[in-house]
Amino acid sequence: MLKQIKPKYEELNFRQELLSDEKTMAYNAKWGGTIDFPVERWKGWYDAWIVNPDRRFYRYLYSTEDKNFIGEIAFHFDDGFQCYICNVIIKHSFRGRGFGREGLLLLLDEARKQGISAICDNIASDNSAIKLFLECGFAEKWRNGDFIMLEKKL
């Protein structure tokens, strides 16, 4: 069972660890793989995503069974795509246990509560998560050589 937890500033080391893990971020290879999240960026990021989250939502996923943070869920309004883009990352060592599906469902529920009518994700065309999103009611909106844009009406 998962709970969504609003991270405390001093807990951002988990996000730093998550984004720097090569196995966890392998899905992001087309966009550079791992993501640098140095301490110097924490305050600005925290203020924008947690303190004053204008058209943004971010939470850690916490496994009550494992008693650990196991990933993150988020969405934000993307001005370029003109839609809300969602994000679900499960730490590599916790994959294969249904946490991705559970996290995605928690995220969709939160988007509905916030009055969002549709949510999208741009997923690399070779990412196995496409199947999960389709099973959760997303439909292909369009694709190009790099990724598939999926959308779910809420």
# chains A, B, ... in the order shown; residues from 1 in each chain; ligands from 1

$ closest_atom_pairs --of "segment 68-110 of chain A" --to "segment 50-62 of chain A" --cutoff "6 Å" --atoms "only C-alpha atoms" --output "Markdown table"
| residue | atom | partner | partner_atom | distance |
| --- | --- | --- | --- | --- |
| A:Asn68 | CA | A:Tyr62 | CA | 5.6 |
| A:Phe69 | CA | A:Tyr62 | CA | 4.3 |
| A:Ile70 | CA | A:Leu61 | CA | 5.7 |
| A:Gly71 | CA | A:Leu61 | CA | 5.0 |
| A:Glu72 | CA | A:Tyr60 | CA | 4.3 |
| A:Ile73 | CA | A:Arg59 | CA | 5.5 |
| A:Ala74 | CA | A:Tyr58 | CA | 4.3 |
| A:Phe75 | CA | A:Phe57 | CA | 5.3 |
| A:His76 | CA | A:Arg56 | CA | 4.3 |
| A:Phe77 | CA | A:Arg55 | CA | 5.7 |

$ select_by_dssp --residues "chain A" --states "strand (DSSP E or B)" --output "PDB file with N, CA and C atoms, in the first residue's frame"
ATOM      1  N   LEU A   2       0.461   2.238  -0.784  1.00  0.00           N
ATOM      2  CA  LEU A   2       1.227   3.474  -0.896  1.00  0.00           C
ATOM      3  C   LEU A   2       0.476   4.644  -0.286  1.00  0.00           C
ATOM      4  N   LYS A   3       1.255   5.561   0.255  1.00  0.00           N
ATOM      5  CA  LYS A   3       0.721   6.841   0.712  1.00  0.00           C
ATOM      6  C   LYS A   3       1.497   7.912  -0.028  1.00  0.00           C
ATOM      7  N   GLN A   4       0.802   8.995  -0.355  1.00  0.00           N
ATOM      8  CA  GLN A   4       1.520  10.131  -0.915  1.00  0.00           C
ATOM      9  C   GLN A   4       1.895  11.074   0.219  1.00  0.00           C
ATOM     10  N   ILE A   5       3.139  11.504   0.207  1.00  0.00           N
ATOM     11  CA  ILE A   5       3.690  12.323   1.285  1.00  0.00           C
ATOM     12  C   ILE A   5       4.258  13.608   0.690  1.00  0.00           C
ATOM     13  N   ARG A  56       0.903  23.111 -10.219  1.00  0.00           N
ATOM     14  CA  ARG A  56       1.858  22.025 -10.005  1.00  0.00           C
ATOM     15  C   ARG A  56       1.422  21.188  -8.808  1.00  0.00           C
ATOM     16  N   PHE A  57       1.841  19.924  -8.839  1.00  0.00           N
ATOM     17  CA  PHE A  57       1.591  19.013  -7.725  1.00  0.00           C
ATOM     18  C   PHE A  57       2.774  18.064  -7.655  1.00  0.00           C
ATOM     19  N   TYR A  58       3.259  17.799  -6.442  1.00  0.00           N
ATOM     20  CA  TYR A  58       4.394  16.889  -6.260  1.00  0.00           C
ATOM     21  C   TYR A  58       4.275  16.181  -4.924  1.00  0.00           C
ATOM     22  N   ARG A  59       4.473  14.865  -4.924  1.00  0.00           N
ATOM     23  CA  ARG A  59       4.494  14.081  -3.689  1.00  0.00           C
ATOM     24  C   ARG A  59       5.468  12.918  -3.837  1.00  0.00           C
ATOM     25  N   TYR A  60       6.032  12.506  -2.699  1.00  0.00           N
ATOM     26  CA  TYR A  60       6.760  11.245  -2.635  1.00  0.00           C
ATOM     27  C   TYR A  60       5.746  10.126  -2.488  1.00  0.00           C
ATOM     28  N   LEU A  61       6.119   8.960  -2.962  1.00  0.00           N
ATOM     29  CA  LEU A  61       5.344   7.746  -2.703  1.00  0.00           C
ATOM     30  C   LEU A  61       6.044   7.005  -1.577  1.00  0.00           C
ATOM     31  N   TYR A  62       5.266   6.651  -0.563  1.00  0.00           N
ATOM     32  CA  TYR A  62       5.793   5.975   0.611  1.00  0.00           C
ATOM     33  C   TYR A  62       5.115   4.615   0.727  1.00  0.00           C
ATOM     34  N   SER A  63       5.917   3.552   0.802  1.00  0.00           N
ATOM     35  CA  SER A  63       5.383   2.206   0.964  1.00  0.00           C
ATOM     36  C   SER A  63       5.224   1.916   2.451  1.00  0.00           C
ATOM     37  N   ASN A  68       9.508   2.914   3.431  1.00  0.00           N
ATOM     38  CA  ASN A  68      10.491   3.690   2.677  1.00  0.00           C
ATOM     39  C   ASN A  68       9.786   4.542   1.634  1.00  0.00           C
ATOM     40  N   PHE A  69      10.445   5.653   1.259  1.00  0.00           N
ATOM     41  CA  PHE A  69      10.042   6.342   0.046  1.00  0.00           C
ATOM     42  C   PHE A  69      10.442   5.439  -1.112  1.00  0.00           C
ATOM     43  N   ILE A  70       9.562   5.259  -2.067  1.00  0.00           N
ATOM     44  CA  ILE A  70       9.870   4.344  -3.181  1.00  0.00           C
ATOM     45  C   ILE A  70       9.771   5.048  -4.540  1.00  0.00           C
ATOM     46  N   GLY A  71       9.347   6.304  -4.545  1.00  0.00           N
ATOM     47  CA  GLY A  71       9.243   7.014  -5.811  1.00  0.00           C
ATOM     48  C   GLY A  71       8.590   8.367  -5.637  1.00  0.00           C
ATOM     49  N   GLU A  72       8.167   8.929  -6.776  1.00  0.00           N
ATOM     50  CA  GLU A  72       7.522  10.233  -6.767  1.00  0.00           C
ATOM     51  C   GLU A  72       6.403  10.273  -7.795  1.00  0.00           C
ATOM     52  N   ILE A  73       5.433  11.140  -7.547  1.00  0.00           N
ATOM     53  CA  ILE A  73       4.380  11.438  -8.509  1.00  0.00           C
ATOM     54  C   ILE A  73       4.273  12.953  -8.614  1.00  0.00           C
ATOM     55  N   ALA A  74       3.934  13.430  -9.807  1.00  0.00           N
ATOM     56  CA  ALA A  74       3.839  14.878 -10.009  1.00  0.00           C
ATOM     57  C   ALA A  74       3.028  15.172 -11.258  1.00  0.00           C
ATOM     58  N   PHE A  75       2.519  16.388 -11.309  1.00  0.00           N
ATOM     59  CA  PHE A  75       2.007  16.917 -12.570  1.00  0.00           C
ATOM     60  C   PHE A  75       2.206  18.417 -12.571  1.00  0.00           C
ATOM     61  N   HIS A  76       2.235  18.978 -13.770  1.00  0.00           N
ATOM     62  CA  HIS A  76       2.373  20.425 -13.934  1.00  0.00           C
ATOM     63  C   HIS A  76       1.761  20.822 -15.270  1.00  0.00           C
ATOM     64  N   PHE A  77       1.370  22.072 -15.366  1.00  0.00           N
ATOM     65  CA  PHE A  77       0.862  22.557 -16.642  1.00  0.00           C
ATOM     66  C   PHE A  77       2.047  22.931 -17.517  1.00  0.00           C
ATOM     67  N   ASP A  78       2.093  22.357 -18.712  1.00  0.00           N
ATOM     68  CA  ASP A  78       3.170  22.609 -19.658  1.00  0.00           C
ATOM     69  C   ASP A  78       2.673  23.611 -20.700  1.00  0.00           C
ATOM     70  N   CYS A  83      -1.097  21.492 -21.895  1.00  0.00           N
ATOM     71  CA  CYS A  83      -1.825  20.467 -21.139  1.00  0.00           C
ATOM     72  C   CYS A  83      -1.043  20.174 -19.860  1.00  0.00           C
ATOM     73  N   TYR A  84      -1.713  19.466 -18.951  1.00  0.00           N
ATOM     74  CA  TYR A  84      -1.038  18.990 -17.754  1.00  0.00           C
ATOM     75  C   TYR A  84      -0.256  17.734 -18.109  1.00  0.00           C
ATOM     76  N   ILE A  85       1.006  17.698 -17.714  1.00  0.00           N
ATOM     77  CA  ILE A  85       1.883  16.550 -17.940  1.00  0.00           C
ATOM     78  C   ILE A  85       2.117  15.881 -16.595  1.00  0.00           C
ATOM     79  N   CYS A  86       1.945  14.563 -16.564  1.00  0.00           N
ATOM     80  CA  CYS A  86       2.152  13.843 -15.310  1.00  0.00           C
ATOM     81  C   CYS A  86       3.497  13.126 -15.308  1.00  0.00           C
ATOM     82  N   ASN A  87       3.899  12.708 -14.136  1.00  0.00           N
ATOM     83  CA  ASN A  87       5.188  12.071 -13.941  1.00  0.00           C
ATOM     84  C   ASN A  87       5.057  11.051 -12.805  1.00  0.00           C
ATOM     85  N   VAL A  88       5.466   9.839 -13.081  1.00  0.00           N
ATOM     86  CA  VAL A  88       5.516   8.795 -12.059  1.00  0.00           C
ATOM     87  C   VAL A  88       6.888   8.142 -12.179  1.00  0.00           C
ATOM     88  N   ILE A  89       7.658   8.181 -11.113  1.00  0.00           N
ATOM     89  CA  ILE A  89       8.960   7.506 -11.094  1.00  0.00           C
ATOM     90  C   ILE A  89       8.989   6.577  -9.888  1.00  0.00           C
ATOM     91  N   ILE A  90       9.249   5.310 -10.161  1.00  0.00           N
ATOM     92  CA  ILE A  90       9.420   4.317  -9.100  1.00  0.00           C
ATOM     93  C   ILE A  90      10.890   3.912  -9.087  1.00  0.00           C
ATOM     94  N   ALA A 118      -8.198  16.821 -18.025  1.00  0.00           N
ATOM     95  CA  ALA A 118      -7.411  15.866 -18.810  1.00  0.00           C
ATOM     96  C   ALA A 118      -5.956  15.973 -18.374  1.00  0.00           C
ATOM     97  N   ILE A 119      -5.252  14.852 -18.475  1.00  0.00           N
ATOM     98  CA  ILE A 119      -3.836  14.837 -18.117  1.00  0.00           C
ATOM     99  C   ILE A 119      -3.096  14.012 -19.159  1.00  0.00           C
ATOM    100  N   CYS A 120      -1.877  14.420 -19.455  1.00  0.00           N
ATOM    101  CA  CYS A 120      -1.091  13.789 -20.517  1.00  0.00           C
ATOM    102  C   CYS A 120       0.255  13.306 -19.971  1.00  0.00           C
ATOM    103  N   ASP A 121       0.928  12.511 -20.775  1.00  0.00           N
ATOM    104  CA  ASP A 121       2.325  12.190 -20.526  1.00  0.00           C
ATOM    105  C   ASP A 121       3.000  11.923 -21.856  1.00  0.00           C
ATOM    106  N   ASN A 122       4.186  12.463 -21.999  1.00  0.00           N
ATOM    107  CA  ASN A 122       4.990  12.202 -23.190  1.00  0.00           C
ATOM    108  C   ASN A 122       6.021  11.144 -22.815  1.00  0.00           C
ATOM    109  N   ILE A 123       5.808   9.953 -23.338  1.00  0.00           N
ATOM    110  CA  ILE A 123       6.598   8.787 -22.947  1.00  0.00           C
ATOM    111  C   ILE A 123       7.459   8.348 -24.123  1.00  0.00           C
ATOM    112  N   ALA A 124       8.726   8.072 -23.853  1.00  0.00           N
ATOM    113  CA  ALA A 124       9.615   7.590 -24.908  1.00  0.00           C
ATOM    114  C   ALA A 124       8.988   6.369 -25.576  1.00  0.00           C
ATOM    115  N   ALA A 139      -5.094   7.277 -23.780  1.00  0.00           N
ATOM    116  CA  ALA A 139      -5.173   6.990 -25.208  1.00  0.00           C
ATOM    117  C   ALA A 139      -4.088   7.800 -25.918  1.00  0.00           C
ATOM    118  N   GLU A 140      -3.615   7.264 -27.027  1.00  0.00           N
ATOM    119  CA  GLU A 140      -2.602   7.977 -27.789  1.00  0.00           C
ATOM    120  C   GLU A 140      -3.208   9.228 -28.414  1.00  0.00           C
ATOM    121  N   LYS A 141      -2.550  10.343 -28.166  1.00  0.00           N
ATOM    122  CA  LYS A 141      -2.981  11.620 -28.734  1.00  0.00           C
ATOM    123  C   LYS A 141      -2.221  11.887 -30.038  1.00  0.00           C
ATOM    124  N   TRP A 142      -0.901  11.655 -30.012  1.00  0.00           N
ATOM    125  CA  TRP A 142      -0.046  11.744 -31.189  1.00  0.00           C
ATOM    126  C   TRP A 142       1.325  11.165 -30.850  1.00  0.00           C
ATOM    127  N   ARG A 143       2.133  11.013 -31.870  1.00  0.00           N
ATOM    128  CA  ARG A 143       3.495  10.504 -31.673  1.00  0.00           C
ATOM    129  C   ARG A 143       4.434  11.123 -32.683  1.00  0.00           C
ATOM    130  N   PHE A 147       8.833  10.134 -28.980  1.00  0.00           N
ATOM    131  CA  PHE A 147       7.904   9.788 -27.909  1.00  0.00           C
ATOM    132  C   PHE A 147       6.465   9.746 -28.379  1.00  0.00           C
ATOM    133  N   ILE A 148       5.640   9.209 -27.506  1.00  0.00           N
ATOM    134  CA  ILE A 148       4.200   9.114 -27.718  1.00  0.00           C
ATOM    135  C   ILE A 148       3.535  10.001 -26.678  1.00  0.00           C
ATOM    136  N   MET A 149       2.623  10.858 -27.127  1.00  0.00           N
ATOM    137  CA  MET A 149       1.860  11.677 -26.195  1.00  0.00           C
ATOM    138  C   MET A 149       0.566  10.941 -25.885  1.00  0.00           C
ATOM    139  N   LEU A 150       0.389  10.589 -24.621  1.00  0.00           N
ATOM    140  CA  LEU A 150      -0.802   9.901 -24.171  1.00  0.00           C
ATOM    141  C   LEU A 150      -1.660  10.872 -23.373  1.00  0.00           C
ATOM    142  N   GLU A 151      -2.971  10.678 -23.412  1.00  0.00           N
ATOM    143  CA  GLU A 151      -3.890  11.567 -22.706  1.00  0.00           C
ATOM    144  C   GLU A 151      -5.003  10.765 -22.061  1.00  0.00           C
ATOM    145  N   LYS A 152      -5.391  11.204 -20.884  1.00  0.00           N
ATOM    146  CA  LYS A 152      -6.541  10.611 -20.202  1.00  0.00           C
ATOM    147  C   LYS A 152      -7.501  11.731 -19.833  1.00  0.00           C
ATOM    148  N   LYS A 153      -8.751  11.555 -20.253  1.00  0.00           N
ATOM    149  CA  LYS A 153      -9.800  12.490 -19.858  1.00  0.00           C
ATOM    150  C   LYS A 153     -10.224  12.090 -18.443  1.00  0.00           C
TER     151      LYS A 153
END

$ atom_distance --atom1 "atom CA of Leu18 of chain A" --atom2 "atom CA of Phe133 of chain A"
21.2 Å

$ residues_around --residues "Asp109 of chain A" --least-positions-apart "6" --cutoff "10 Å" --atoms "only C-alpha atoms" --output "tab-separated table (two decimals) with all heavy atoms, in the first residue's frame"
chain	number	residue	atom	x	y	z
A	103	GLY	N	0.70	4.29	-7.90
A	103	GLY	CA	1.10	5.69	-7.89
A	103	GLY	C	0.37	6.50	-8.96
A	103	GLY	O	-0.08	7.62	-8.70
A	116	ILE	N	-8.89	19.16	-12.69
A	116	ILE	CA	-8.23	19.02	-13.99
A	116	ILE	C	-9.06	18.07	-14.85
A	116	ILE	O	-9.45	17.00	-14.40
A	116	ILE	CB	-6.78	18.53	-13.79
A	116	ILE	CG1	-5.99	19.59	-13.05
A	116	ILE	CG2	-6.14	18.18	-15.12
A	116	ILE	CD1	-4.64	19.15	-12.58
A	154	LEU	N	-10.39	13.08	-17.58
A	154	LEU	CA	-10.73	12.79	-16.18
A	154	LEU	C	-12.19	13.13	-15.88
A	154	LEU	O	-12.83	13.86	-16.55
A	154	LEU	CB	-9.80	13.57	-15.24
A	154	LEU	CG	-8.32	13.27	-15.41
A	154	LEU	CD1	-7.48	14.19	-14.55
A	154	LEU	CD2	-8.04	11.83	-15.02

$ residues_around --residues "Asn13 of chain A" --least-positions-apart "2" --cutoff "10 Å" --atoms "only C-alpha atoms" --output "MDAnalysis selection string"
chainID A and resid 9:11 15:19 37:39 42

$ residues_around --residues "Leu105 of chain A" --least-positions-apart "5" --cutoff "10 Å" --atoms "only C-alpha atoms" --output "JSON, numbers by chain"
{"A": [99, 100, 110, 111, 133, 136]}

$ closest_residue --among "A:Asp47, A:Met1, A:Lys113, A:Ser125" --to "Arg101 of chain A" --atoms "only C-alpha atoms"
A:Met1

$ closest_residue --among "A:Leu106, A:Gln114, A:Gly32, A:Ala26" --to "Asp126 of chain A" --atoms "only C-alpha atoms"
A:Ala26

$ select_by_dssp --residues "segment 3-123 of chain A" --states "helix (DSSP H, G or I)" --output "ChimeraX atom specification"
/A:9-20,24-31,39-51,92-94,99-113

$ atom_distance --atom1 "atom CA of Asp79 of chain A" --atom2 "atom CA of Glu22 of chain A"
28.7 Å

$ atom_distance --atom1 "atom CA of Leu108 of chain A" --atom2 "atom CA of Lys43 of chain A"
27.0 Å

$ closest_residue --among "A:Asp66, A:Asp36, A:Asp146, A:Asp21" --to "His92 of chain A" --atoms "only C-alpha atoms"
A:Asp21

$ decode --residues "segment 3-50 of chain A" --atoms "C-alpha atoms" --output "PDB file, in the first residue's frame"
ATOM      1  CA  LYS A   3       0.721   6.841   0.712  1.00  0.00           C
ATOM      2  CA  GLN A   4       1.520  10.131  -0.915  1.00  0.00           C
ATOM      3  CA  ILE A   5       3.690  12.323   1.285  1.00  0.00           C
ATOM      4  CA  LYS A   6       4.470  16.003   0.838  1.00  0.00           C
ATOM      5  CA  PRO A   7       8.246  16.004   1.291  1.00  0.00           C
ATOM      6  CA  LYS A   8       9.945  18.173   3.847  1.00  0.00           C
ATOM      7  CA  TYR A   9      12.799  20.318   2.565  1.00  0.00           C
ATOM      8  CA  GLU A  10      15.349  18.202   4.431  1.00  0.00           C
ATOM      9  CA  GLU A  11      13.986  15.071   2.693  1.00  0.00           C
ATOM     10  CA  LEU A  12      14.942  16.267  -0.800  1.00  0.00           C
ATOM     11  CA  ASN A  13      17.981  14.014  -0.634  1.00  0.00           C
ATOM     12  CA  PHE A  14      15.612  11.188  -1.671  1.00  0.00           C
ATOM     13  CA  ARG A  15      14.700  13.065  -4.856  1.00  0.00           C
ATOM     14  CA  GLN A  16      18.384  13.734  -5.491  1.00  0.00           C
ATOM     15  CA  GLU A  17      19.117  10.024  -5.061  1.00  0.00           C
ATOM     16  CA  LEU A  18      16.168   8.994  -7.246  1.00  0.00           C
ATOM     17  CA  LEU A  19      17.100  11.272 -10.146  1.00  0.00           C
ATOM     18  CA  SER A  20      20.793  10.332 -10.044  1.00  0.00           C
ATOM     19  CA  ASP A  21      20.191   6.563 -10.106  1.00  0.00           C
ATOM     20  CA  GLU A  22      21.102   5.226 -13.574  1.00  0.00           C
ATOM     21  CA  LYS A  23      18.825   2.179 -13.388  1.00  0.00           C
ATOM     22  CA  THR A  24      15.854   4.221 -12.162  1.00  0.00           C
ATOM     23  CA  MET A  25      16.350   6.886 -14.828  1.00  0.00           C
ATOM     24  CA  ALA A  26      17.068   4.506 -17.726  1.00  0.00           C
ATOM     25  CA  TYR A  27      13.574   5.298 -19.066  1.00  0.00           C
ATOM     26  CA  ASN A  28      14.823   8.888 -19.573  1.00  0.00           C
ATOM     27  CA  ALA A  29      17.746   7.908 -21.848  1.00  0.00           C
ATOM     28  CA  LYS A  30      16.417   9.864 -24.855  1.00  0.00           C
ATOM     29  CA  TRP A  31      16.458  13.019 -22.725  1.00  0.00           C
ATOM     30  CA  GLY A  32      19.826  12.481 -21.073  1.00  0.00           C
ATOM     31  CA  GLY A  33      19.178   9.760 -18.484  1.00  0.00           C
ATOM     32  CA  THR A  34      19.966  10.894 -14.972  1.00  0.00           C
ATOM     33  CA  ILE A  35      19.092  14.409 -13.810  1.00  0.00           C
ATOM     34  CA  ASP A  36      21.387  16.541 -11.715  1.00  0.00           C
ATOM     35  CA  PHE A  37      19.621  17.910  -8.631  1.00  0.00           C
ATOM     36  CA  PRO A  38      22.330  19.601  -6.539  1.00  0.00           C
ATOM     37  CA  VAL A  39      21.613  21.065  -3.122  1.00  0.00           C
ATOM     38  CA  GLU A  40      21.999  24.568  -4.580  1.00  0.00           C
ATOM     39  CA  ARG A  41      18.802  24.047  -6.600  1.00  0.00           C
ATOM     40  CA  TRP A  42      16.703  22.649  -3.744  1.00  0.00           C
ATOM     41  CA  LYS A  43      15.320  25.934  -2.382  1.00  0.00           C
ATOM     42  CA  GLY A  44      14.097  27.298  -5.718  1.00  0.00           C
ATOM     43  CA  TRP A  45      12.625  23.936  -6.692  1.00  0.00           C
ATOM     44  CA  TYR A  46      10.982  23.454  -3.274  1.00  0.00           C
ATOM     45  CA  ASP A  47       9.432  26.922  -3.330  1.00  0.00           C
ATOM     46  CA  ALA A  48       7.998  26.358  -6.838  1.00  0.00           C
ATOM     47  CA  TRP A  49       6.714  22.803  -6.343  1.00  0.00           C
ATOM     48  CA  ILE A  50       5.826  22.600  -2.638  1.00  0.00           C
TER      49      ILE A  50
END
